[in-house]
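Structure first, commentary second.
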Amino acid sequence: MFSKPSPARILSRALAETRWRPGLATQPFHSEIFAPAGEASGTGLALTLAQDALAAAGEGDNTRQVLWVQDVKAIRLGGRPCLAGLPPGLRHRLIHVAAVTPEDALFALEEGLKCRDLACVIGEIAGNPRALSFTASRRLSLTAERNGVRLWLVRLDAEPDLSSARMRWRVSAAPSPDPRWNSAAPGTATWHAELFRARTHAPGEWILSDDTGTLRIHRDPDTGLLAAPDLVGLARATVGRSLAAVARA
Amino acid sequence: MSVWLARLSVDRWRLSHAPEARAAVDAAPTALIIETAHGPRITAANVAGTAAGAHAGMLLADARALCPDLAAIPADPAGDLASLEKLALWAQRWGPWSALDPPDGLLVDVTGVAHLFGGEARLIADVTRAFAQRGLAARGALAPTAGAAWALTHYARAGAILDPGDDPLRLLGDLPVAALRLDDDVLTVLRRLGIKRLGELAGVSGTGDDPAQEAAARDALRRRFRNHRSPAANPLLRLDQLLGRVPEPLLPVIARPMPLVQRRLMEPLRHRDLLDRVVNDLAHDMVRTLEARGEGARRLELALWRVDGEVLMRRIELAAPTREPAHITRLFAARLDDVEAGFGIEMLQLRASWSEPLHLSQADLDAAAQQHGTALAACIDRLTVRLGPKAVTRPVARASHIPERAQSWQSPLAPASLAQNQLAFHTRPLKLLDRPEPIAVLYASPDGVPQRFRWRGQVREVARVEGPERIAPEWWRERSTARLRDYYRIEDEAGRRYWIYRQGINGDGRGGLPDWFLQGLYA
């Protein structure tokens, strides 16, 4: 009776085309993430989405470099990447570009997208500079799709104006779940993410969290269900069978 | 063959004057000086200066006491060494192989070449004449080993020749022990032992009348210098090298001309597209030159000669050795926008002042890959040329506990130095602010942790805290008044996670009330 999938699972499988979930095989090449500048939720989600896409493409642990471009305003507002705080898979392969103007940052993004030896490109641009027009974003989309290098562009304190990005997110920090050992301490990174424009998926809102490099849906506000009740994966749900039965099988 | 340029620095200084002024320069007593901790010290003096009492090693003040009108000129040891390198290359006209003998000597291997100059005596005469034509006083000597030739040049009559058939100990026995190229402190030891001449040292090396006594004396000397591995500190080793009993490795000087291509133009260039075409031709020539040597360029310098005599220089540096003409042309095109052609450019020269080995590779496969995107090195080059070398970096870990010192930024393709892996006891933020920003604590809990604070004009309520993690100042490099830091991970009521710290604690005697700073942002 356990080999037969439940009706809820069949339903979710059928809806997977329109409903976004982590670990999808087809990921867009150009995404934009709008985030407030006073928190690192935008870059956190961008890095986790990038790891998710790389893992889905089957190249999670390779050694190709990751390019991280920031303009000066973004560095002043949000700081530079801290080596010890980066995901362990990215620490040894990060190349950082500090561009003075948004024009230089866009140039660096485009050159990075043209390079076949890069795993992905992360960009951070603050505000709505004149250089980042619809034409510029269209250039980025076309370059990314032609060369097959993915781009996550984090827009700090920006208005969502015209853009050709294939997926556009709006993200802010969310209260984290209780850690297992110290309930007074901050927990794992958790964000309230809203997908408000996507070409292949329906818009929606999720509470997403970063479970040591894996993107998980913490709680789905639409259905109200806790999709992953035990976040850190320390104990596994036994789904009606005792642990002894699992061990015997 | 050994050549000793006894007065190289003085001769070089004299040659820097015009020929008609040299007589006046020779007449004035002059000394070359170098600044030391005890004041200027003389390194060399010209003939008039030596006659007036100045000699090498003297303090300038002492020499001035003997000869008040002694002129002092700063010495140029680096220039002397550079000119000695050039002379070593030039000296390969007498033999296929030459080595430096700093600070003022040369060694040339002339095995089997003396007959080309009409015998060994004529070879030495030719050497002396050739150096005299260059205005340098030189003494040459020929011997079967480098050590013997060196001893003869410094301590025998000029032009001495030691035949392979001669007994070197008998002929060189009267030379002082300084002829063994020993350090000064070793010479002092030998002088105190009463050993002044090579023959006396050789007396303990197995040629005397009583073999048992000789062996005992030699054994005593060997034990005395047992710990001296360097030949310059071990007289027995030097003596064996002089006699040819042990080999003496020498480092030869090899000429490496810089790859250089140039184009002289029939008509001066005044337009940009023509300039681009000539630069492209030069890049192809340069690539052919580099290919023949199996090298790739790391630094390229383009010089443009204008009709009015002005020379414009453009220089690019590359992240990895490159031999791609299209890439070189493209990088120079970005640097040629501000060239003022004036009345025209009549000559262009491209030289690779820094090149590294780059093996030949199959070109077609790379060209096919070029269709699918650029290589990483090319991408880095393009970014560096437009944004500057400081803008493109890679973070690497550094051995420090202070968060902002725990990472440094290096060039992206440079190999990362080995570092100990960090122990992941504490969670570090995803991003660090360039400088920690002060926060105003409005209300603190009894144990001193802020409950409500203002940062960038917004008041935030702290919901969760973890800490403190205490990081002490690095007393070996910071001032004694540097205060420790207590780091806290906090989360505010909206879920924003920050890394804040308190600088100092109450009553540590290093300032007033401690301040709070926000340094990092968690994801």
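In the structure tokens, the first chain shown is A, the next is B, and so on; residue numbers restart at 1 for each chain, and ligands run from 1 in the order shown.
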Determine which residues of chain A sit within 9 Å of chain B, taking into account only C-alpha atoms, and present them as a JSON list (two decimals) with N, CA and C atoms, in the first residue's frame.
[["chain", "number", "residue", "atom", "x", "y", "z"],
["A", 38, "GLY", "N", 19.47, 46.87, 3.22],
["A", 38, "GLY", "CA", 19.98, 46.73, 4.58],
["A", 38, "GLY", "C", 20.05, 45.30, 5.06],
["A", 39, "GLU", "N", 19.92, 44.33, 4.17],
["A", 39, "GLU", "CA", 20.01, 42.94, 4.58],
["A", 39, "GLU", "C", 20.60, 42.15, 3.43],
["A", 40, "ALA", "N", 21.13, 40.97, 3.75],
["A", 40, "ALA", "CA", 21.80, 40.17, 2.72],
["A", 40, "ALA", "C", 20.86, 39.11, 2.15],
["A", 41, "SER", "N", 19.54, 39.32, 2.27],
["A", 41, "SER", "CA", 18.61, 38.29, 1.82],
["A", 41, "SER", "C", 18.69, 38.10, 0.30],
["A", 42, "GLY", "N", 18.89, 39.22, -0.44],
["A", 42, "GLY", "CA", 18.94, 39.10, -1.90],
["A", 42, "GLY", "C", 20.08, 38.23, -2.36],
["A", 43, "THR", "N", 21.31, 38.52, -1.86],
["A", 43, "THR", "CA", 22.45, 37.71, -2.30],
["A", 43, "THR", "C", 22.35, 36.31, -1.75],
["A", 44, "GLY", "N", 21.78, 36.17, -0.53],
["A", 44, "GLY", "CA", 21.62, 34.82, 0.01],
["A", 44, "GLY", "C", 20.74, 33.98, -0.88],
["A", 45, "LEU", "N", 19.58, 34.55, -1.29],
["A", 45, "LEU", "CA", 18.68, 33.79, -2.16],
["A", 45, "LEU", "C", 19.34, 33.54, -3.51],
["A", 65, "GLN", "N", 34.69, 28.57, -12.09],
["A", 65, "GLN", "CA", 34.68, 29.76, -11.25],
["A", 65, "GLN", "C", 33.30, 30.42, -11.27],
["A", 75, "ILE", "N", 28.42, 47.94, -2.87],
["A", 75, "ILE", "CA", 29.44, 47.60, -1.86],
["A", 75, "ILE", "C", 29.25, 48.47, -0.63],
["A", 76, "ARG", "N", 28.95, 49.76, -0.85],
["A", 76, "ARG", "CA", 28.80, 50.65, 0.30],
["A", 76, "ARG", "C", 27.58, 50.26, 1.12],
["A", 77, "LEU", "N", 26.49, 49.88, 0.45],
["A", 77, "LEU", "CA", 25.26, 49.55, 1.18],
["A", 77, "LEU", "C", 25.33, 48.17, 1.81],
["A", 78, "GLY", "N", 25.86, 47.21, 1.08],
["A", 78, "GLY", "CA", 25.72, 45.83, 1.55],
["A", 78, "GLY", "C", 27.01, 45.13, 1.86],
["A", 79, "GLY", "N", 28.15, 45.77, 1.60],
["A", 79, "GLY", "CA", 29.42, 45.14, 1.94],
["A", 79, "GLY", "C", 29.89, 44.16, 0.88],
["A", 80, "ARG", "N", 31.10, 43.64, 1.13],
["A", 80, "ARG", "CA", 31.71, 42.68, 0.21],
["A", 80, "ARG", "C", 31.48, 41.27, 0.72],
["A", 81, "PRO", "N", 31.63, 40.27, -0.16],
["A", 81, "PRO", "CA", 31.48, 38.88, 0.31],
["A", 81, "PRO", "C", 32.55, 38.53, 1.34],
["A", 82, "CYS", "N", 32.14, 37.77, 2.34],
["A", 82, "CYS", "CA", 33.06, 37.34, 3.40],
["A", 82, "CYS", "C", 33.36, 35.88, 3.17],
["A", 83, "LEU", "N", 34.63, 35.58, 3.04],
["A", 83, "LEU", "CA", 35.06, 34.25, 2.61],
["A", 83, "LEU", "C", 34.54, 33.16, 3.55],
["A", 84, "ALA", "N", 34.65, 33.43, 4.87],
["A", 84, "ALA", "CA", 34.29, 32.37, 5.82],
["A", 84, "ALA", "C", 32.78, 32.16, 5.89],
["A", 85, "GLY", "N", 31.99, 33.15, 5.37],
["A", 85, "GLY", "CA", 30.56, 32.99, 5.44],
["A", 85, "GLY", "C", 29.93, 32.47, 4.16],
["A", 86, "LEU", "N", 30.75, 32.30, 3.12],
["A", 86, "LEU", "CA", 30.22, 31.81, 1.85],
["A", 86, "LEU", "C", 29.88, 30.33, 1.97],
["A", 87, "PRO", "N", 29.00, 29.81, 1.12],
["A", 87, "PRO", "CA", 28.77, 28.37, 1.10],
["A", 87, "PRO", "C", 30.08, 27.65, 0.80],
["A", 91, "ARG", "N", 33.70, 28.74, -1.86],
["A", 91, "ARG", "CA", 34.78, 29.52, -1.27],
["A", 91, "ARG", "C", 36.02, 29.56, -2.15],
["A", 92, "HIS", "N", 36.35, 28.43, -2.77],
["A", 92, "HIS", "CA", 37.62, 28.36, -3.49],
["A", 92, "HIS", "C", 37.48, 28.82, -4.93],
["A", 93, "ARG", "N", 36.28, 29.18, -5.37],
["A", 93, "ARG", "CA", 36.13, 29.48, -6.79],
["A", 93, "ARG", "C", 35.36, 30.77, -7.03],
["A", 94, "LEU", "N", 35.57, 31.76, -6.21],
["A", 94, "LEU", "CA", 34.86, 33.02, -6.38],
["A", 94, "LEU", "C", 35.81, 34.07, -6.92],
["A", 95, "ILE", "N", 35.39, 34.76, -7.97],
["A", 95, "ILE", "CA", 36.14, 35.90, -8.49],
["A", 95, "ILE", "C", 35.26, 37.13, -8.31],
["A", 96, "HIS", "N", 35.79, 38.12, -7.63],
["A", 96, "HIS", "CA", 35.00, 39.30, -7.28],
["A", 96, "HIS", "C", 35.40, 40.46, -8.15],
["A", 97, "VAL", "N", 34.42, 41.18, -8.67],
["A", 97, "VAL", "CA", 34.69, 42.36, -9.49],
["A", 97, "VAL", "C", 34.03, 43.55, -8.81],
["A", 98, "ALA", "N", 34.82, 44.56, -8.47],
["A", 98, "ALA", "CA", 34.29, 45.79, -7.89],
["A", 98, "ALA", "C", 34.28, 46.85, -8.98],
["A", 99, "ALA", "N", 33.11, 47.12, -9.54],
["A", 99, "ALA", "CA", 33.00, 48.10, -10.62],
["A", 99, "ALA", "C", 32.63, 49.44, -10.02],
["A", 100, "VAL", "N", 33.16, 50.50, -10.62],
["A", 100, "VAL", "CA", 32.93, 51.82, -10.06],
["A", 100, "VAL", "C", 31.53, 52.31, -10.43],
["A", 104, "ASP", "N", 30.13, 50.07, -15.85],
["A", 104, "ASP", "CA", 31.22, 49.10, -15.74],
["A", 104, "ASP", "C", 30.70, 47.77, -15.23],
["A", 107, "PHE", "N", 29.11, 45.98, -18.04],
["A", 107, "PHE", "CA", 30.15, 45.44, -18.93],
["A", 107, "PHE", "C", 30.74, 44.16, -18.37],
["A", 108, "ALA", "N", 31.02, 44.20, -17.05],
["A", 108, "ALA", "CA", 31.62, 43.01, -16.42],
["A", 108, "ALA", "C", 30.65, 41.84, -16.46],
["A", 111, "GLU", "N", 30.68, 40.47, -20.03],
["A", 111, "GLU", "CA", 31.90, 39.72, -20.33],
["A", 111, "GLU", "C", 31.89, 38.38, -19.61],
["A", 112, "GLY", "N", 31.37, 38.38, -18.36],
["A", 112, "GLY", "CA", 31.30, 37.13, -17.62],
["A", 112, "GLY", "C", 30.35, 36.14, -18.29],
["A", 113, "LEU", "N", 29.24, 36.64, -18.82],
["A", 113, "LEU", "CA", 28.29, 35.73, -19.47],
["A", 113, "LEU", "C", 28.85, 35.17, -20.75],
["A", 114, "LYS", "N", 29.82, 35.90, -21.36],
["A", 114, "LYS", "CA", 30.41, 35.38, -22.60],
["A", 114, "LYS", "C", 31.46, 34.33, -22.33],
["A", 115, "CYS", "N", 31.87, 34.16, -21.07],
["A", 115, "CYS", "CA", 33.01, 33.29, -20.78],
["A", 115, "CYS", "C", 32.52, 31.88, -20.54],
["A", 116, "ARG", "N", 33.08, 30.92, -21.27],
["A", 116, "ARG", "CA", 32.59, 29.55, -21.17],
["A", 116, "ARG", "C", 33.11, 28.85, -19.93],
["A", 117, "ASP", "N", 34.12, 29.43, -19.26],
["A", 117, "ASP", "CA", 34.72, 28.76, -18.11],
["A", 117, "ASP", "C", 34.08, 29.17, -16.79],
["A", 118, "LEU", "N", 32.99, 29.90, -16.83],
["A", 118, "LEU", "CA", 32.35, 30.31, -15.59],
["A", 118, "LEU", "C", 31.13, 29.44, -15.34],
["A", 146, "ARG", "N", 22.59, 32.68, -25.17],
["A", 146, "ARG", "CA", 23.43, 32.19, -26.25],
["A", 146, "ARG", "C", 24.60, 31.38, -25.71],
["A", 147, "ASN", "N", 25.19, 31.82, -24.60],
["A", 147, "ASN", "CA", 26.38, 31.13, -24.09],
["A", 147, "ASN", "C", 26.08, 30.11, -23.01],
["A", 172, "SER", "N", 12.55, 39.34, 0.98],
["A", 172, "SER", "CA", 12.92, 40.03, 2.21],
["A", 172, "SER", "C", 13.16, 38.96, 3.27],
["A", 173, "ALA", "N", 13.82, 39.35, 4.33],
["A", 173, "ALA", "CA", 14.14, 38.38, 5.38],
["A", 173, "ALA", "C", 12.87, 37.99, 6.11],
["A", 174, "ALA", "N", 12.85, 36.76, 6.61],
["A", 174, "ALA", "CA", 11.72, 36.27, 7.40],
["A", 174, "ALA", "C", 12.26, 35.69, 8.69],
["A", 175, "PRO", "N", 11.45, 35.72, 9.76],
["A", 175, "PRO", "CA", 11.92, 35.13, 11.02],
["A", 175, "PRO", "C", 12.30, 33.67, 10.83],
["A", 176, "SER", "N", 13.43, 33.31, 11.39],
["A", 176, "SER", "CA", 13.96, 31.99, 11.12],
["A", 176, "SER", "C", 13.35, 30.98, 12.09],
["A", 182, "ASN", "N", 19.68, 25.70, 20.46],
["A", 182, "ASN", "CA", 19.65, 26.94, 21.22],
["A", 182, "ASN", "C", 18.50, 27.77, 20.68],
["A", 183, "SER", "N", 17.36, 27.73, 21.39],
["A", 183, "SER", "CA", 16.17, 28.38, 20.83],
["A", 183, "SER", "C", 16.28, 29.89, 20.89],
["A", 184, "ALA", "N", 17.24, 30.43, 21.63],
["A", 184, "ALA", "CA", 17.37, 31.88, 21.70],
["A", 184, "ALA", "C", 18.22, 32.43, 20.56],
["A", 185, "ALA", "N", 18.86, 31.55, 19.79],
["A", 185, "ALA", "CA", 19.79, 32.00, 18.76],
["A", 185, "ALA", "C", 19.07, 32.14, 17.43],
["A", 186, "PRO", "N", 19.57, 32.98, 16.54],
["A", 186, "PRO", "CA", 19.02, 33.03, 15.18],
["A", 186, "PRO", "C", 19.21, 31.70, 14.47],
["A", 187, "GLY", "N", 18.25, 31.34, 13.65],
["A", 187, "GLY", "CA", 18.30, 30.03, 12.98],
["A", 187, "GLY", "C", 18.91, 30.13, 11.60],
["A", 188, "THR", "N", 18.59, 29.14, 10.76],
["A", 188, "THR", "CA", 19.12, 29.14, 9.40],
["A", 188, "THR", "C", 18.45, 30.25, 8.59],
["A", 189, "ALA", "N", 19.11, 30.61, 7.50],
["A", 189, "ALA", "CA", 18.63, 31.71, 6.67],
["A", 189, "ALA", "C", 17.25, 31.39, 6.12],
["A", 190, "THR", "N", 16.32, 32.32, 6.29],
["A", 190, "THR", "CA", 14.95, 32.12, 5.84],
["A", 190, "THR", "C", 14.50, 33.41, 5.17],
["A", 191, "TRP", "N", 13.81, 33.26, 4.07],
["A", 191, "TRP", "CA", 13.36, 34.45, 3.34],
["A", 191, "TRP", "C", 11.90, 34.31, 2.97]]
TODO: Within 8 Å of stretch 93-110 of chain B, counting only C-alpha atoms, which residues show up once you throw out same-chain ones fewer than 4 positions away? Write them as a PyMOL selection string, please.
DONE: chain B and resi 1-8+80-81+84-85+88-89+114+146+250-253
Open item on the list: Using only C-alpha atoms, can you tell me which of B:Asp508, B:Asp76, B:Glu301, B:Asp69 comes closest to B:Trp354?
Closed with: B:Glu301
Open item on the list: So that I can check the secondary structure, give me every residue of stretch 12-242 of chain A assigned strand (DSSP E) by backbone DSSP, as a PyMOL selection string.
Closed with: chain A and resi 30-35+65-71+80-81+94-99+118-126+150-156+167-173+190-198+204-211+214-219
Emit the selected residues as a compact mmCIF listing (two decimals), in the first residue's frame, including C-alpha atoms.
# COMPACT_ATOMS: atom_id res chain seq x y z
CA HIS A 30 18.49 35.43 -16.41
CA SER A 31 16.72 36.13 -13.11
CA GLU A 32 16.32 39.33 -11.17
CA ILE A 33 15.95 39.49 -7.40
CA PHE A 34 14.71 42.67 -5.76
CA ALA A 35 15.82 43.02 -2.16
CA GLN A 65 34.68 29.76 -11.25
CA VAL A 66 31.81 31.96 -10.12
CA LEU A 67 31.93 35.66 -10.98
CA TRP A 68 30.44 38.11 -8.48
CA VAL A 69 30.08 41.67 -9.76
CA GLN A 70 29.20 44.59 -7.48
CA ASP A 71 29.03 48.28 -8.19
CA ARG A 80 31.71 42.68 0.21
CA PRO A 81 31.48 38.88 0.31
CA LEU A 94 34.86 33.02 -6.38
CA ILE A 95 36.14 35.90 -8.49
CA HIS A 96 35.00 39.30 -7.28
CA VAL A 97 34.69 42.36 -9.49
CA ALA A 98 34.29 45.79 -7.89
CA ALA A 99 33.00 48.10 -10.62
CA LEU A 118 32.35 30.31 -15.59
CA ALA A 119 29.73 28.30 -13.72
CA CYS A 120 27.43 31.27 -13.18
CA VAL A 121 27.45 35.04 -12.68
CA ILE A 122 26.03 36.90 -9.67
CA GLY A 123 25.47 40.65 -10.01
CA GLU A 124 24.59 43.30 -7.47
CA ILE A 125 23.49 46.73 -8.62
CA ALA A 126 21.97 49.30 -6.30
CA ARG A 150 23.23 31.73 -15.85
CA LEU A 151 22.90 35.17 -14.31
CA TRP A 152 21.26 36.17 -11.05
CA LEU A 153 21.10 39.94 -10.78
CA VAL A 154 20.35 41.30 -7.31
CA ARG A 155 18.78 44.76 -7.34
CA LEU A 156 19.16 46.54 -4.03
CA MET A 167 12.10 35.23 -13.57
CA ARG A 168 11.71 38.17 -11.21
CA TRP A 169 11.69 37.72 -7.48
CA ARG A 170 11.00 40.05 -4.60
CA VAL A 171 12.61 38.90 -1.39
CA SER A 172 12.92 40.03 2.21
CA ALA A 173 14.14 38.38 5.38
CA THR A 190 14.95 32.12 5.84
CA TRP A 191 13.36 34.45 3.34
CA HIS A 192 9.93 35.52 2.27
CA ALA A 193 10.18 35.25 -1.51
CA GLU A 194 7.59 36.35 -4.03
CA LEU A 195 7.86 35.29 -7.65
CA PHE A 196 5.95 38.11 -9.34
CA ARG A 197 6.90 37.63 -12.98
CA ALA A 198 7.92 34.41 -14.64
CA GLY A 204 3.39 32.81 -6.03
CA GLU A 205 4.82 33.37 -2.59
CA TRP A 206 6.92 31.06 -0.49
CA ILE A 207 8.88 31.01 2.72
CA LEU A 208 12.20 29.62 1.52
CA SER A 209 15.13 28.54 3.60
CA ASP A 210 18.69 27.50 3.00
CA ASP A 211 19.34 24.05 4.44
CA THR A 214 19.92 23.17 -0.47
CA LEU A 215 16.92 25.35 -1.18
CA ARG A 216 13.81 24.20 0.71
CA ILE A 217 10.27 25.45 0.90
CA HIS A 218 9.76 26.06 4.56
CA ARG A 219 6.08 26.84 4.46
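The interatomic distance for the pair atom CA of B:Thr36 and atom CA of B:Leu70 works out to 18.7 Å.
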Among stretch 37-117 of chain B, which residues carry a DSSP assignment of alpha helix (DSSP H), reported as a compact mmCIF listing (two decimals) with C-alpha atoms, in the first residue's frame?
# COMPACT_ATOMS: atom_id res chain seq x y z
CA VAL B 47 94.53 56.70 -8.71
CA ALA B 48 94.88 60.26 -7.41
CA GLY B 49 92.62 59.41 -4.50
CA THR B 50 94.63 56.32 -3.60
CA ALA B 51 97.80 58.37 -3.76
CA LEU B 60 84.97 59.24 4.35
CA ALA B 61 85.64 61.44 7.37
CA ASP B 62 89.01 59.70 7.97
CA ALA B 63 89.98 60.10 4.34
CA ARG B 64 88.98 63.77 4.37
CA ALA B 65 91.32 64.24 7.34
CA LEU B 66 94.20 63.01 5.17
CA PRO B 77 76.67 48.67 -6.98
CA ALA B 78 73.54 47.69 -8.91
CA GLY B 79 74.82 49.42 -12.03
CA ASP B 80 78.20 47.72 -11.60
CA LEU B 81 76.53 44.33 -11.43
CA ALA B 82 74.40 45.07 -14.48
CA SER B 83 77.42 46.16 -16.49
CA LEU B 84 79.29 43.07 -15.28
CA GLU B 85 76.47 40.93 -16.68
CA LYS B 86 76.78 42.67 -20.03
CA LEU B 87 80.57 42.19 -19.94
CA ALA B 88 80.09 38.50 -19.20
CA LEU B 89 77.98 38.16 -22.34
CA TRP B 90 80.50 40.16 -24.32
- [ ] Would you kindly return, as a list in words, each protein, DNA or RNA residue with an atom no farther than 10 Å from any atom of A:Thr26, considering only C-alpha atoms and excluding same-chain residues fewer than 5 positions away?
- [x] Ala53, Ala56, Ala57 and Thr200 of chain A
- [ ] Write out as a PyMOL selection string each polymer residue whose atoms come within 10 Å of B:Arg157, counting only C-alpha atoms; drop sequence neighbours fewer than 3 positions from it.
- [x] chain B and resi 139-141+152-154+160-161
Fewer than 4 positions away in the same chain doesn't count, so skip those; otherwise give me all residues within 10 Å of B:Asp166, counting only C-alpha atoms, as a PDB file with N, CA and C atoms, in the first residue's frame.
ATOM      1  N   ALA B 143      94.145  28.957 -16.217  1.00  0.00           N
ATOM      2  CA  ALA B 143      94.510  27.839 -15.358  1.00  0.00           C
ATOM      3  C   ALA B 143      93.529  26.715 -15.619  1.00  0.00           C
ATOM      4  N   PRO B 144      93.886  25.484 -15.254  1.00  0.00           N
ATOM      5  CA  PRO B 144      92.972  24.356 -15.503  1.00  0.00           C
ATOM      6  C   PRO B 144      91.695  24.430 -14.677  1.00  0.00           C
ATOM      7  N   LEU B 162      98.893  28.913 -16.175  1.00  0.00           N
ATOM      8  CA  LEU B 162      99.222  27.659 -15.501  1.00  0.00           C
ATOM      9  C   LEU B 162      98.880  26.531 -16.451  1.00  0.00           C
ATOM     10  N   ARG B 170     103.117  23.399  -6.310  1.00  0.00           N
ATOM     11  CA  ARG B 170     104.471  23.935  -6.283  1.00  0.00           C
ATOM     12  C   ARG B 170     104.476  25.379  -6.791  1.00  0.00           C
ATOM     13  N   LEU B 171     103.677  25.645  -7.847  1.00  0.00           N
ATOM     14  CA  LEU B 171     103.700  26.979  -8.432  1.00  0.00           C
ATOM     15  C   LEU B 171     102.873  27.982  -7.625  1.00  0.00           C
TER      16      LEU B 171
END
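The space separating atom CA of B:Arg483 from atom CA of B:Asp447 comes to 19.2 Å.
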Open item on the list: Report, in Å with one decimal, the straight-line distance from atom CA of B:Arg315 to atom CA of B:Arg299.
Closed with: 7.2 Å
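Residue nearest A:Pro88, chosen from B:Asn421, B:Gly504, B:Pro450, B:Ile471 and counting only C-alpha atoms: B:Asn421.
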